[in-house]
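Source file run_10.txt; content: compact mmCIF, C-alpha atoms.
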```
# COMPACT_ATOMS: atom_id res chain seq x y z
CA MET A 1 -0.86 -32.04 19.59
CA SER A 2 -0.83 -31.73 15.78
CA LEU A 3 -0.21 -28.38 14.06
CA GLN A 4 -3.77 -28.31 12.70
CA ALA A 5 -5.27 -29.14 16.10
CA SER A 6 -3.25 -26.42 17.86
CA HIS A 7 -4.37 -23.92 15.19
CA LEU A 8 -8.00 -24.85 15.78
CA MET A 9 -7.74 -24.69 19.56
CA TYR A 10 -5.95 -21.35 19.50
CA GLY A 11 -8.42 -19.94 16.96
CA ARG A 12 -11.27 -20.82 19.31
CA GLN A 13 -9.59 -19.20 22.32
CA ARG A 14 -9.37 -15.82 20.62
CA GLY A 15 -12.33 -13.58 20.03
CA ALA A 16 -11.18 -10.02 20.60
CA ARG A 17 -10.78 -8.99 16.96
CA GLY A 18 -13.17 -11.16 14.99
CA VAL A 19 -16.84 -11.96 14.96
CA ILE A 20 -16.51 -15.54 13.79
CA SER A 21 -14.20 -17.10 16.37
CA ASP A 22 -17.15 -18.69 18.20
CA ARG A 23 -18.37 -20.76 15.23
CA GLU A 24 -17.21 -22.53 12.10
CA ILE A 25 -15.96 -20.43 9.20
CA ARG A 26 -18.26 -20.90 6.21
CA PHE A 27 -16.72 -21.05 2.75
CA LYS A 28 -17.79 -21.32 -0.87
CA CYS A 29 -15.54 -22.44 -3.73
CA PHE A 30 -16.30 -22.73 -7.43
CA LEU A 31 -13.23 -24.84 -8.31
CA GLN A 32 -12.96 -28.62 -8.04
CA ASN A 33 -9.20 -28.93 -7.53
CA THR A 34 -6.46 -28.27 -4.96
CA ILE A 35 -8.10 -25.21 -3.37
CA LEU A 36 -11.29 -27.16 -2.63
CA ASP A 37 -9.22 -29.92 -0.96
CA VAL A 38 -7.42 -27.30 1.13
CA LEU A 39 -10.63 -25.60 2.24
CA ARG A 40 -12.41 -28.87 3.05
CA SER A 41 -9.49 -30.16 5.13
CA ARG A 42 -9.00 -26.95 7.12
CA PRO A 43 -10.03 -27.38 10.77
CA GLY A 44 -13.05 -25.31 11.77
CA TRP A 45 -14.08 -24.50 8.18
CA GLN A 46 -17.42 -25.65 6.76
CA GLU A 47 -18.54 -25.68 3.11
CA VAL A 48 -21.85 -24.01 2.23
CA GLN A 49 -23.88 -24.72 -0.90
CA GLY A 50 -26.19 -22.62 -3.06
CA ASP A 51 -27.16 -19.26 -1.63
CA GLY A 52 -26.04 -20.05 1.91
CA GLU A 53 -24.27 -17.33 3.89
CA TRP A 54 -20.48 -17.41 3.62
CA ASP A 55 -17.43 -15.84 5.28
CA PHE A 56 -14.92 -16.73 2.55
CA TYR A 57 -15.56 -17.16 -1.18
CA TRP A 58 -13.03 -18.44 -3.71
CA CYS A 59 -15.12 -17.21 -6.63
CA GLU A 60 -14.67 -17.09 -10.38
CA ARG A 61 -13.97 -13.76 -12.04
CA GLU A 62 -17.18 -13.81 -14.09
CA TRP A 63 -19.30 -14.26 -10.94
CA LEU A 64 -17.54 -11.33 -9.27
CA HIS A 65 -18.13 -9.04 -12.27
CA ALA A 66 -21.82 -9.97 -12.38
CA ASN A 67 -22.58 -9.75 -8.65
CA TYR A 68 -20.12 -7.69 -6.65
CA ASP A 69 -21.63 -4.24 -7.14
CA THR A 70 -25.03 -5.39 -5.87
CA MET A 71 -23.69 -7.09 -2.73
CA PHE A 72 -23.31 -5.85 0.83
CA LEU A 73 -20.40 -7.52 2.62
CA GLN A 74 -19.98 -7.82 6.36
CA GLU A 75 -16.79 -6.54 7.99
CA HIS A 76 -15.16 -9.97 8.20
CA GLN A 77 -16.00 -11.41 4.74
CA LYS A 78 -13.21 -12.15 2.25
CA ILE A 79 -13.54 -12.76 -1.48
CA LEU A 80 -11.02 -13.60 -4.22
CA HIS A 81 -10.31 -10.90 -6.86
CA PHE A 82 -10.44 -7.13 -6.89
CA ARG A 83 -13.23 -5.82 -9.09
CA ASN A 84 -11.03 -4.54 -11.93
CA HIS A 85 -8.12 -6.98 -11.56
CA TYR A 86 -7.97 -7.19 -15.37
CA GLU A 87 -6.05 -3.87 -15.46
CA LEU A 88 -2.99 -5.96 -14.58
CA THR A 89 -3.88 -9.37 -16.01
CA ARG A 90 -5.11 -8.57 -19.52
CA LYS A 91 -1.96 -8.47 -21.64
CA ASN A 92 -2.81 -5.22 -23.45
CA LEU A 93 -3.88 -3.36 -20.29
CA MET A 94 -0.84 -4.56 -18.33
CA VAL A 95 1.48 -3.11 -20.99
CA LYS A 96 -0.57 0.11 -21.30
CA ASN A 97 -0.32 0.70 -17.54
CA LEU A 98 3.41 -0.11 -17.45
CA LYS A 99 4.12 2.25 -20.35
CA ARG A 100 2.12 5.03 -18.69
CA MET A 101 3.96 4.52 -15.38
CA ARG A 102 7.33 4.52 -17.14
CA LYS A 103 6.55 7.83 -18.90
CA GLN A 104 5.29 9.35 -15.65
CA THR A 105 8.45 8.24 -13.79
CA GLU A 106 10.69 9.69 -16.53
CA ARG A 107 8.78 12.99 -16.45
CA GLU A 108 8.69 13.33 -12.66
CA VAL A 109 11.93 11.69 -11.53
CA GLY A 110 14.22 11.14 -14.52
CA LYS A 111 15.38 8.76 -17.24
CA ILE A 112 17.62 6.66 -14.98
CA GLU A 113 14.75 5.82 -12.62
CA ALA A 114 12.46 5.11 -15.59
CA GLN A 115 14.92 2.41 -16.71
CA GLY A 116 13.62 0.40 -13.75
CA PHE A 117 10.61 -0.34 -15.97
CA ASP A 118 12.66 -1.89 -18.78
CA PHE A 119 11.55 -5.44 -17.97
CA PHE A 120 8.95 -6.00 -20.70
CA PRO A 121 9.73 -6.29 -24.43
CA SER A 122 8.54 -3.76 -27.03
CA THR A 123 4.80 -4.36 -27.23
CA PHE A 124 1.91 -3.00 -29.30
CA GLU A 125 -1.85 -3.51 -29.14
CA LEU A 126 -3.60 -4.64 -32.31
CA PRO A 127 -5.55 -3.48 -34.14
CA SER A 128 -5.42 -0.03 -32.44
CA GLU A 129 -1.62 0.40 -32.72
CA TYR A 130 -1.16 -1.50 -35.99
CA HIS A 131 0.38 1.43 -37.93
CA ILE A 132 2.79 2.29 -35.08
CA PHE A 133 3.82 -1.38 -34.98
CA VAL A 134 4.47 -1.47 -38.73
CA GLU A 135 6.85 1.50 -38.38
CA GLU A 136 8.72 -0.30 -35.57
CA PHE A 137 8.77 -3.51 -37.60
CA LYS A 138 10.39 -1.77 -40.55
CA ARG A 139 13.03 -0.21 -38.28
CA ASN A 140 14.08 -3.70 -37.09
CA PRO A 141 14.38 -5.99 -40.13
CA GLY A 142 14.84 -9.67 -39.30
CA MET A 143 13.48 -9.38 -35.76
CA ILE A 144 11.14 -12.14 -34.56
CA TRP A 145 7.76 -11.09 -33.13
CA ILE A 146 5.15 -13.01 -31.16
CA MET A 147 1.36 -12.53 -31.40
CA LYS A 148 -0.86 -13.20 -28.38
CA PRO A 149 -4.62 -12.77 -27.83
CA ALA A 150 -5.01 -10.20 -25.04
CA ALA A 151 -7.53 -12.19 -23.02
CA LYS A 152 -6.69 -15.86 -23.67
CA SER A 153 -4.49 -18.18 -21.60
CA GLN A 154 -2.71 -21.56 -21.78
CA GLY A 155 -0.94 -20.67 -25.03
CA ARG A 156 -4.11 -20.44 -27.13
CA GLY A 157 -3.91 -18.34 -30.29
CA ILE A 158 -0.18 -17.57 -29.98
CA PHE A 159 2.17 -17.64 -32.97
CA LEU A 160 5.60 -16.29 -33.99
CA PHE A 161 6.43 -14.46 -37.21
CA ARG A 162 9.31 -12.64 -38.89
CA LYS A 163 7.65 -11.30 -42.07
CA LEU A 164 5.01 -8.59 -42.24
CA LYS A 165 3.22 -10.75 -44.84
CA ASP A 166 2.46 -13.27 -42.05
CA ILE A 167 0.61 -10.71 -39.98
CA ILE A 168 -1.17 -9.24 -43.02
CA ASP A 169 -2.49 -12.73 -43.84
CA TRP A 170 -3.56 -13.10 -40.20
CA LYS A 171 -5.19 -9.67 -40.26
CA LYS A 172 -7.26 -10.59 -43.33
CA GLY A 173 -8.38 -13.88 -41.84
CA GLU A 174 -9.16 -12.35 -38.46
CA TYR A 175 -10.95 -9.20 -39.48
CA GLN A 176 -12.66 -9.74 -42.83
CA PRO A 177 -16.36 -10.69 -42.63
CA LEU A 178 -17.37 -13.82 -44.51
CA GLY A 179 -20.31 -14.09 -46.92
CA ASP A 180 -22.28 -10.90 -47.47
CA PRO A 181 -19.80 -8.04 -48.13
CA ASN A 182 -22.35 -5.61 -46.67
CA ALA A 183 -22.68 -7.54 -43.41
CA THR A 184 -21.72 -5.74 -40.20
CA LYS A 185 -18.19 -6.66 -39.23
CA ASP A 186 -17.65 -7.91 -35.67
CA MET A 187 -15.18 -6.01 -33.53
CA PRO A 188 -11.81 -7.73 -33.99
CA GLU A 189 -10.34 -9.59 -31.03
CA THR A 190 -7.60 -7.57 -29.32
CA TYR A 191 -4.08 -8.96 -29.67
CA VAL A 192 -0.69 -7.84 -28.49
CA VAL A 193 2.37 -8.14 -30.68
CA GLN A 194 5.65 -8.29 -28.81
CA ARG A 195 9.33 -8.57 -29.61
CA TYR A 196 10.18 -12.23 -29.14
CA ILE A 197 13.07 -12.85 -26.73
CA ASP A 198 15.19 -15.03 -29.01
CA ASN A 199 18.14 -15.40 -26.62
CA PRO A 200 16.54 -17.22 -23.65
CA TYR A 201 18.64 -18.73 -20.88
CA LEU A 202 18.75 -22.47 -21.57
CA ILE A 203 19.16 -25.45 -19.27
CA GLY A 204 19.92 -28.71 -21.05
CA GLY A 205 19.34 -26.84 -24.31
CA ARG A 206 15.71 -26.11 -23.39
CA LYS A 207 13.83 -22.89 -22.81
CA PHE A 208 11.87 -22.32 -19.59
CA ASP A 209 9.92 -19.66 -17.75
CA ILE A 210 9.31 -19.24 -14.01
CA ARG A 211 5.89 -19.23 -12.33
CA ILE A 212 5.99 -16.99 -9.23
CA TYR A 213 3.12 -16.63 -6.75
CA VAL A 214 2.28 -13.16 -5.42
CA LEU A 215 -0.45 -12.38 -2.87
CA VAL A 216 -1.88 -8.84 -2.69
CA VAL A 217 -4.11 -8.13 0.31
CA SER A 218 -4.40 -4.36 -0.28
CA PHE A 219 -3.62 -1.87 -3.04
CA ASN A 220 -4.05 1.20 -0.84
CA PRO A 221 -1.76 0.99 1.00
CA LEU A 222 0.03 -1.58 -1.15
CA LYS A 223 0.72 -4.78 0.80
CA VAL A 224 2.39 -7.63 -1.09
CA TRP A 225 3.52 -11.14 -0.12
CA LEU A 226 5.92 -13.30 -2.19
CA TYR A 227 5.84 -17.11 -1.99
CA ARG A 228 9.11 -19.01 -1.55
CA GLY A 229 7.97 -21.86 -3.75
CA GLY A 230 7.21 -21.77 -7.45
CA PHE A 231 8.46 -23.66 -10.47
CA ALA A 232 10.26 -23.45 -13.78
CA ARG A 233 8.28 -24.79 -16.78
CA PHE A 234 10.47 -26.25 -19.52
CA SER A 235 9.68 -26.79 -23.16
CA ASN A 236 9.81 -30.43 -24.22
CA THR A 237 12.06 -29.80 -27.22
CA ARG A 238 15.56 -28.33 -27.49
CA PHE A 239 15.58 -24.62 -28.33
CA SER A 240 16.23 -23.51 -31.91
CA MET A 241 15.26 -20.47 -33.96
CA ASP A 242 15.26 -22.58 -37.14
CA SER A 243 11.59 -23.48 -36.72
CA ILE A 244 9.52 -20.62 -35.34
CA GLU A 245 6.30 -22.55 -36.05
CA ASP A 246 7.10 -25.28 -33.48
CA THR A 247 5.12 -24.42 -30.32
CA TYR A 248 6.81 -27.25 -28.35
CA ILE A 249 10.08 -25.28 -28.65
CA HIS A 250 8.82 -21.76 -28.01
CA LEU A 251 5.84 -22.04 -25.62
CA THR A 252 6.47 -23.39 -22.13
CA ASN A 253 2.80 -23.54 -21.04
CA VAL A 254 1.99 -26.95 -19.53
CA ALA A 255 -1.28 -26.96 -21.52
CA VAL A 256 0.84 -26.87 -24.71
CA GLN A 257 3.67 -29.14 -23.61
CA LYS A 258 1.44 -31.99 -22.38
CA THR A 259 0.21 -32.52 -25.97
CA SER A 260 3.78 -33.18 -27.11
CA PRO A 261 4.21 -36.77 -28.44
CA ASP A 262 7.04 -37.59 -25.98
CA PHE A 263 5.62 -35.78 -22.93
CA ASP A 264 6.05 -37.78 -19.71
CA PRO A 265 3.08 -37.04 -17.39
CA GLU A 266 4.91 -38.36 -14.31
CA LYS A 267 8.11 -36.45 -14.90
CA GLY A 268 6.48 -33.45 -16.59
CA CYS A 269 8.62 -30.48 -17.56
CA LYS A 270 9.05 -28.75 -14.21
CA TRP A 271 11.73 -27.86 -11.70
CA SER A 272 10.90 -26.42 -8.31
CA ALA A 273 12.04 -22.85 -7.59
CA GLN A 274 14.44 -24.38 -5.04
CA GLN A 275 16.03 -26.64 -7.71
CA LEU A 276 16.39 -23.70 -10.08
CA ARG A 277 17.98 -21.47 -7.43
CA LYS A 278 20.48 -24.21 -6.48
CA TYR A 279 21.39 -24.77 -10.14
CA LEU A 280 21.89 -21.05 -10.88
CA SER A 281 23.84 -20.53 -7.64
CA ALA A 282 26.18 -23.43 -8.45
CA LYS A 283 26.75 -22.17 -11.99
CA HIS A 284 26.88 -18.38 -11.46
CA GLY A 285 27.42 -17.82 -7.72
CA THR A 286 25.06 -16.74 -4.95
CA GLU A 287 25.68 -13.00 -5.44
CA LEU A 288 24.45 -13.04 -9.03
CA VAL A 289 21.36 -15.02 -7.99
CA LYS A 290 20.64 -12.43 -5.26
CA GLN A 291 20.81 -9.68 -7.90
CA LEU A 292 18.47 -11.71 -10.14
CA ASN A 293 15.96 -12.05 -7.30
CA LEU A 294 16.12 -8.31 -6.59
CA ALA A 295 15.36 -7.68 -10.27
CA ILE A 296 12.34 -10.02 -10.01
CA ASP A 297 11.20 -8.15 -6.87
CA ASN A 298 11.45 -4.93 -8.88
CA ILE A 299 9.20 -6.40 -11.61
CA ILE A 300 6.59 -7.42 -9.05
CA ILE A 301 6.49 -4.11 -7.18
CA LYS A 302 6.64 -1.79 -10.20
CA SER A 303 3.93 -3.72 -12.05
CA LEU A 304 1.64 -3.48 -9.00
CA GLN A 305 2.46 0.22 -8.52
CA SER A 306 1.49 0.82 -12.17
CA VAL A 307 -2.14 -0.09 -11.31
CA GLN A 308 -2.17 0.96 -7.65
CA LYS A 309 -4.29 4.07 -8.31
CA ILE A 310 -6.50 2.31 -10.87
CA ILE A 311 -7.48 -0.88 -9.03
CA ILE A 312 -10.62 -0.38 -6.95
CA ASN A 313 -9.24 -1.16 -3.49
CA ASP A 314 -11.53 -3.05 -1.13
CA LYS A 315 -10.66 -4.51 2.27
CA HIS A 316 -12.81 -7.57 1.48
CA CYS A 317 -10.75 -8.50 -1.61
CA PHE A 318 -7.45 -10.25 -2.15
CA GLU A 319 -5.62 -11.53 -5.22
CA VAL A 320 -3.33 -14.50 -5.84
CA TYR A 321 -1.35 -13.68 -8.97
CA GLY A 322 0.74 -16.05 -11.05
CA TYR A 323 3.65 -14.04 -12.50
CA ASP A 324 5.41 -15.59 -15.52
CA VAL A 325 9.02 -14.46 -15.90
CA LEU A 326 11.56 -15.46 -18.55
CA LEU A 327 15.35 -15.20 -18.18
CA ASP A 328 17.54 -14.27 -21.13
CA ASP A 329 21.11 -15.50 -21.61
CA MET A 330 22.40 -12.50 -19.61
CA LEU A 331 20.20 -13.58 -16.64
CA LYS A 332 17.97 -10.55 -17.15
CA PRO A 333 14.37 -11.33 -16.11
CA TRP A 334 11.53 -10.33 -18.46
CA LEU A 335 7.88 -10.11 -17.47
CA ILE A 336 5.84 -12.24 -19.87
CA GLU A 337 2.39 -12.01 -18.28
CA ILE A 338 0.46 -11.92 -15.00
CA ASN A 339 -2.38 -14.37 -14.34
CA ALA A 340 -5.34 -13.59 -12.06
CA SER A 341 -6.34 -17.27 -12.00
CA PRO A 342 -3.10 -19.28 -12.04
CA SER A 343 -3.76 -22.98 -12.51
CA LEU A 344 -4.40 -24.78 -9.22
CA THR A 345 -4.77 -28.20 -10.84
CA ALA A 346 -1.85 -30.39 -9.79
CA SER A 347 0.18 -32.28 -12.40
CA GLY A 348 1.68 -34.68 -9.83
CA LYS A 349 2.40 -35.17 -6.13
CA GLU A 350 5.17 -32.56 -5.94
CA ASP A 351 2.98 -30.02 -7.72
CA TYR A 352 0.06 -30.85 -5.41
CA ASP A 353 2.22 -30.39 -2.31
CA LEU A 354 3.47 -27.03 -3.60
CA LYS A 355 0.00 -25.69 -4.44
CA SER A 356 -1.76 -27.04 -1.34
CA GLY A 357 0.98 -25.57 0.90
CA MET A 358 0.79 -22.22 -0.91
CA LEU A 359 -3.02 -22.09 -0.66
CA ASN A 360 -3.08 -23.13 3.00
CA ASP A 361 -0.67 -20.30 3.70
CA VAL A 362 -2.87 -17.83 1.77
CA LEU A 363 -5.56 -18.67 4.33
CA ASN A 364 -3.01 -18.29 7.15
CA VAL A 365 -2.07 -14.79 5.90
CA LEU A 366 -5.74 -13.75 5.51
CA ASP A 367 -6.22 -15.01 9.07
CA LEU A 368 -10.00 -15.29 9.35
CA GLU A 369 -9.37 -17.14 12.63
CA ASN A 370 -7.68 -14.01 14.10
CA ARG A 371 -4.54 -15.77 15.32
CA LEU A 372 -1.86 -13.36 14.06
CA SER A 373 -0.55 -10.11 15.53
CA GLY A 374 -0.54 -8.36 12.14
CA LYS A 375 3.20 -7.62 12.45
CA GLU A 376 4.44 -10.87 10.91
CA LYS A 377 7.01 -10.66 8.12
CA ARG A 378 6.66 -14.36 7.33
CA VAL A 379 3.65 -16.67 7.42
CA GLY A 380 4.47 -20.22 6.31
CA GLY A 381 5.94 -19.95 2.82
CA TRP A 382 4.83 -16.33 2.28
CA ASP A 383 7.27 -13.47 2.95
CA LEU A 384 6.07 -9.86 3.26
CA LEU A 385 7.79 -8.11 0.35
CA TRP A 386 6.13 -4.70 0.51
CA ASP A 387 4.08 -2.96 3.22
CA ASP A 388 3.53 0.58 1.92
CA GLY A 389 7.30 0.49 1.36
CA PRO A 390 10.07 -2.13 1.13
CA VAL A 391 10.32 -4.69 3.94
CA PHE A 392 13.73 -5.67 5.25
CA THR A 393 15.00 -8.47 7.45
CA GLU A 394 18.14 -8.85 9.55
CA GLU A 395 20.46 -11.82 9.32
CA MET A 396 23.24 -12.41 11.82
CA THR A 397 26.75 -12.53 10.36
CA GLN A 398 29.21 -15.31 11.19
CA ASP A 399 31.55 -12.78 12.78
CA ALA A 400 30.06 -11.91 16.18
CA GLY A 401 31.74 -8.50 16.06
CA LEU A 402 29.90 -7.36 12.94
CA PRO A 403 26.37 -5.88 12.89
CA PRO A 404 23.52 -7.94 11.37
CA TYR A 405 23.26 -8.04 7.59
CA VAL A 406 20.09 -6.21 6.47
CA HIS A 407 18.49 -7.25 3.17
CA ALA A 408 15.14 -7.37 1.37
CA ASN A 409 12.60 -9.73 2.95
CA SER A 410 12.56 -11.81 -0.25
CA PHE A 411 13.31 -15.54 -0.39
CA LEU A 412 12.12 -16.92 -3.74
CA GLY A 413 13.58 -20.41 -4.18
CA CYS A 414 14.93 -20.58 -0.61
CA GLU A 415 14.14 -23.48 1.71
CA ASN A 416 10.52 -23.37 2.78
CA GLN A 417 10.03 -25.52 5.94
CA ARG A 418 6.64 -23.87 6.25
CA LYS A 419 5.16 -26.24 8.84
CA GLU A 420 7.99 -25.67 11.31
CA GLN A 421 7.71 -21.91 10.81
CA LEU A 422 3.93 -21.95 11.36
CA ARG A 423 4.23 -24.01 14.54
CA GLU A 424 6.82 -21.61 15.97
CA MET A 425 4.89 -18.51 14.85
CA TYR A 426 1.58 -19.60 16.38
CA THR A 427 3.27 -20.65 19.63
CA LEU A 428 4.92 -17.21 19.94
CA ALA A 429 1.66 -15.43 19.10
CA GLN A 430 -0.23 -17.42 21.72
CA THR A 431 2.42 -16.70 24.36
CA ALA A 432 2.35 -12.99 23.54
CA LYS A 433 -1.42 -12.88 23.92
CA LYS A 434 -1.27 -14.60 27.32
CA GLY A 435 1.45 -12.20 28.44
```

As structure tokens, what does this structure read like?
Amino acid sequence: MSLQASHLMYGRQRGARGVISDREIRFKCFLQNTILDVLRSRPGWQEVQGDGEWDFYWCEREWLHANYDTMFLQEHQKILHFRNHYELTRKNLMVKNLKRMRKQTEREVGKIEAQGFDFFPSTFELPSEYHIFVEEFKRNPGMIWIMKPAAKSQGRGIFLFRKLKDIIDWKKGEYQPLGDPNATKDMPETYVVQRYIDNPYLIGGRKFDIRIYVLVVSFNPLKVWLYRGGFARFSNTRFSMDSIEDTYIHLTNVAVQKTSPDFDPEKGCKWSAQQLRKYLSAKHGTELVKQLNLAIDNIIIKSLQSVQKIIINDKHCFEVYGYDVLLDDMLKPWLIEINASPSLTASGKEDYDLKSGMLNDVLNVLDLENRLSGKEKRVGGWDLLWDDGPVFTEEMTQDAGLPPYVHANSFLGCENQRKEQLREMYTLAQTAKKG
């Protein structure tokens, strides 16, 4: 029997916990890419159109903002996005919440613990913090800064600068009304200005960042899953600080890189998280890579804790975040941004396999079919990183006389083998239920 068929059969046998195990699960999806393929190919799931009743909705953020507060959801219904997810995913709000949490930690616990938040570069919101930024700028002559629109993605509107004149010219162009000098001026678009990390870790002379998938199923209590897969996105041009205007050097976004004259659509500019981990382990040793992964775990958990009391928690909601992390030449990870709608459009077969596997396993974790015990630490490629506290796993040592080695339940870039794990997990769960 195939894995999908056994899932379907087992899902139909159970009915104790859910109200939809005796019929097809109805879904809606606004996207026309990998997630729609995954939903349509899932056994026992049926697409509904228009205003039809649904059990699961992969909705767009704008629809949620317009409709959620007027809806009544049944116990079993699941919907993508928490209502105020933007507290973490708008660049200016993310930094505001991290700064507040860092100050609170320093005040309540101490300076050493507050250093655990030193994973984002010096950042200011414009125009509201313009004068504070100018003071910081003057204290650091020669430093490179990067400007980013707070609410745009895919590299749009981003530029680097090293002279205050550059930002003054931008400020005039952005804020001054055209035509009638007495006309009402529109509110300026919010930007963040950030210290540019000018010493990135390079592979083959090229800069890259890492896309990491994080699934949050609850903010109160905080429950977080980390996906084993992910990818490194490389710039198409060798790194140099000689030309800060060249976006093909400094921005790793695929949307930017694919417009490069020598971009190869088949090859792209990506490594899998597994390739990257193997490369770094071979070059720097497994222990250093473990420390790097722990530092990435710290970024994920502390960033989520910074909004834990602000996000409107709702048992119907879940979030699939795309974290973008950059390594510097000391292998220190820096949080660049967090995306509430990471791209699910595949750039090739390998990318499609990664995203379809990740999305299938999101559905396995959410478990609308009621097949899991709720105690799982791993579901397919997702590992439970935090469950109202750190999650640990035991690993047997080679020496039979030694106790098991206990470590964080975190496996970014490790072998996935998700299908084998799912088959074994569902078999064990079925046996346990019969027993």

| Do you know which residues are at most 10 Å from A:Leu372 counting only C-alpha atoms, after dropping those on the same chain fewer than 2 positions away, and could you put them as a ChimeraX atom specification? | /A:11,364-370,374-376,379,425-426,428-430,433

| task | Kindly indicate which residue among A:Ile296, A:Leu98, A:Ile197, A:Leu304 lies nearest to A:Asn220, using all atoms listed in the file for the distances. | result |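 Using all atoms listed in the file, the shortest distance to A:Asn220 belongs to A:Leu304.
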
Mind checking which residues fall within 12 Å of A:Asp328, counting all atoms listed in the file, ignoring those fewer than 3 positions away in the same chain, and posting them as a compact mmCIF listing (two decimals) with C-alpha atoms, in the frame of the given file?
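Once everything was written out, this is selection.txt:
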```txt
# COMPACT_ATOMS: atom_id res chain seq x y z
CA PHE A 119 11.55 -5.44 -17.97
CA PHE A 120 8.95 -6.00 -20.70
CA PRO A 121 9.73 -6.29 -24.43
CA TYR A 196 10.18 -12.23 -29.14
CA ILE A 197 13.07 -12.85 -26.73
CA ASP A 198 15.19 -15.03 -29.01
CA ASN A 199 18.14 -15.40 -26.62
CA PRO A 200 16.54 -17.22 -23.65
CA TYR A 201 18.64 -18.73 -20.88
CA LEU A 202 18.75 -22.47 -21.57
CA ILE A 203 19.16 -25.45 -19.27
CA LYS A 207 13.83 -22.89 -22.81
CA PHE A 208 11.87 -22.32 -19.59
CA ASP A 209 9.92 -19.66 -17.75
CA ILE A 210 9.31 -19.24 -14.01
CA LEU A 292 18.47 -11.71 -10.14
CA VAL A 325 9.02 -14.46 -15.90
CA LEU A 331 20.20 -13.58 -16.64
CA LYS A 332 17.97 -10.55 -17.15
CA PRO A 333 14.37 -11.33 -16.11
CA TRP A 334 11.53 -10.33 -18.46
CA LEU A 335 7.88 -10.11 -17.47
CA ILE A 336 5.84 -12.24 -19.87
```

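For A:Pro221, the residues within 10 Å (counting only C-alpha atoms, excluding itself and residues fewer than 5 positions away along the chain) are Gln308, Asn313, Trp386, Asp387, Asp388 and Gly389 of chain A.
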
| Taking only C-alpha atoms into account, which of A:Ser41, A:Ile146, A:Gln49, A:Trp58 comes nearest A:Lys78? |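 Distance minimum relative to A:Lys78 lands on A:Trp58.
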
| Pick from A:Lys355, A:Arg139, A:His316, A:Lys302, whichever lies nearest to A:Phe72 using only C-alpha atoms |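 When distances to A:Phe72 are compared using only C-alpha atoms, the smallest one comes from A:His316.
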
| field | Minimum-distance residue to A:Gly380, chosen among A:Ser356, A:His284, A:Tyr227, A:Arg277 (using all atoms listed in the file) | value |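 Checking each candidate against A:Gly380, we get A:Tyr227 as the closest.
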
| request: Would you list the residues near (7.1, -22.1, 9.9), meaning any protein, DNA or RNA residue with an atom at most 12 Å from that point in file coordinates, counting only C-alpha atoms, as number ranges by chain? | output: A: 3, 357, 361, 364, 376-383, 415-428

| message | With only C-alpha atoms as the counted atoms, please give the residues lying no more than 12 Å from stretch 147-151 of chain A, apart from itself and same-chain residues fewer than 4 positions off, as a PyMOL selection string. | response | chain A and resi 86-96+123-127+133+155-162+166-167+170-171+174+188-196+251+336-340

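Distance-wise, atom CA of A:Leu276 and atom CA of A:Arg206 end up 13.5 Å apart.
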
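Going from atom CA of A:Ile25 to atom CA of A:Lys315 covers 18.2 Å.
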
| message | Restricting the calculation to only C-alpha atoms: of A:Ile312, A:Ile299, A:Leu384, A:Ile212, which residue gets closest to A:Gly116? | response |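 Selected residue with least distance to A:Gly116: A:Ile299.
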
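Taking atom CA of A:Val406 and atom CA of A:Phe219 as the two end points, the separation is 25.9 Å.
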
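Each of A:Leu354, A:Val320, A:Val109, A:Ile35 was checked against A:Ser341 using all atoms listed in the file; the smallest atom-to-atom distance is that of A:Val320.
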
Can you tell me which residues surround A:Ala114 at a distance of at most 9 Å, considering only C-alpha atoms, apart from same-chain residues fewer than 2 positions away, and format the answer as a PDB file with C-alpha atoms, in the frame of the given file?
```pdb
ATOM      1  CA  MET A 101       3.960   4.520 -15.380  1.00  0.00           C
ATOM      2  CA  ARG A 102       7.330   4.520 -17.140  1.00  0.00           C
ATOM      3  CA  LYS A 103       6.550   7.830 -18.900  1.00  0.00           C
ATOM      4  CA  GLN A 104       5.290   9.350 -15.650  1.00  0.00           C
ATOM      5  CA  THR A 105       8.450   8.240 -13.790  1.00  0.00           C
ATOM      6  CA  GLU A 106      10.690   9.690 -16.530  1.00  0.00           C
ATOM      7  CA  ARG A 107       8.780  12.990 -16.450  1.00  0.00           C
ATOM      8  CA  VAL A 109      11.930  11.690 -11.530  1.00  0.00           C
ATOM      9  CA  GLY A 110      14.220  11.140 -14.520  1.00  0.00           C
ATOM     10  CA  LYS A 111      15.380   8.760 -17.240  1.00  0.00           C
ATOM     11  CA  ILE A 112      17.620   6.660 -14.980  1.00  0.00           C
ATOM     12  CA  GLY A 116      13.620   0.400 -13.750  1.00  0.00           C
ATOM     13  CA  PHE A 117      10.610  -0.340 -15.970  1.00  0.00           C
ATOM     14  CA  ASP A 118      12.660  -1.890 -18.780  1.00  0.00           C
TER      15      ASP A 118
END
```
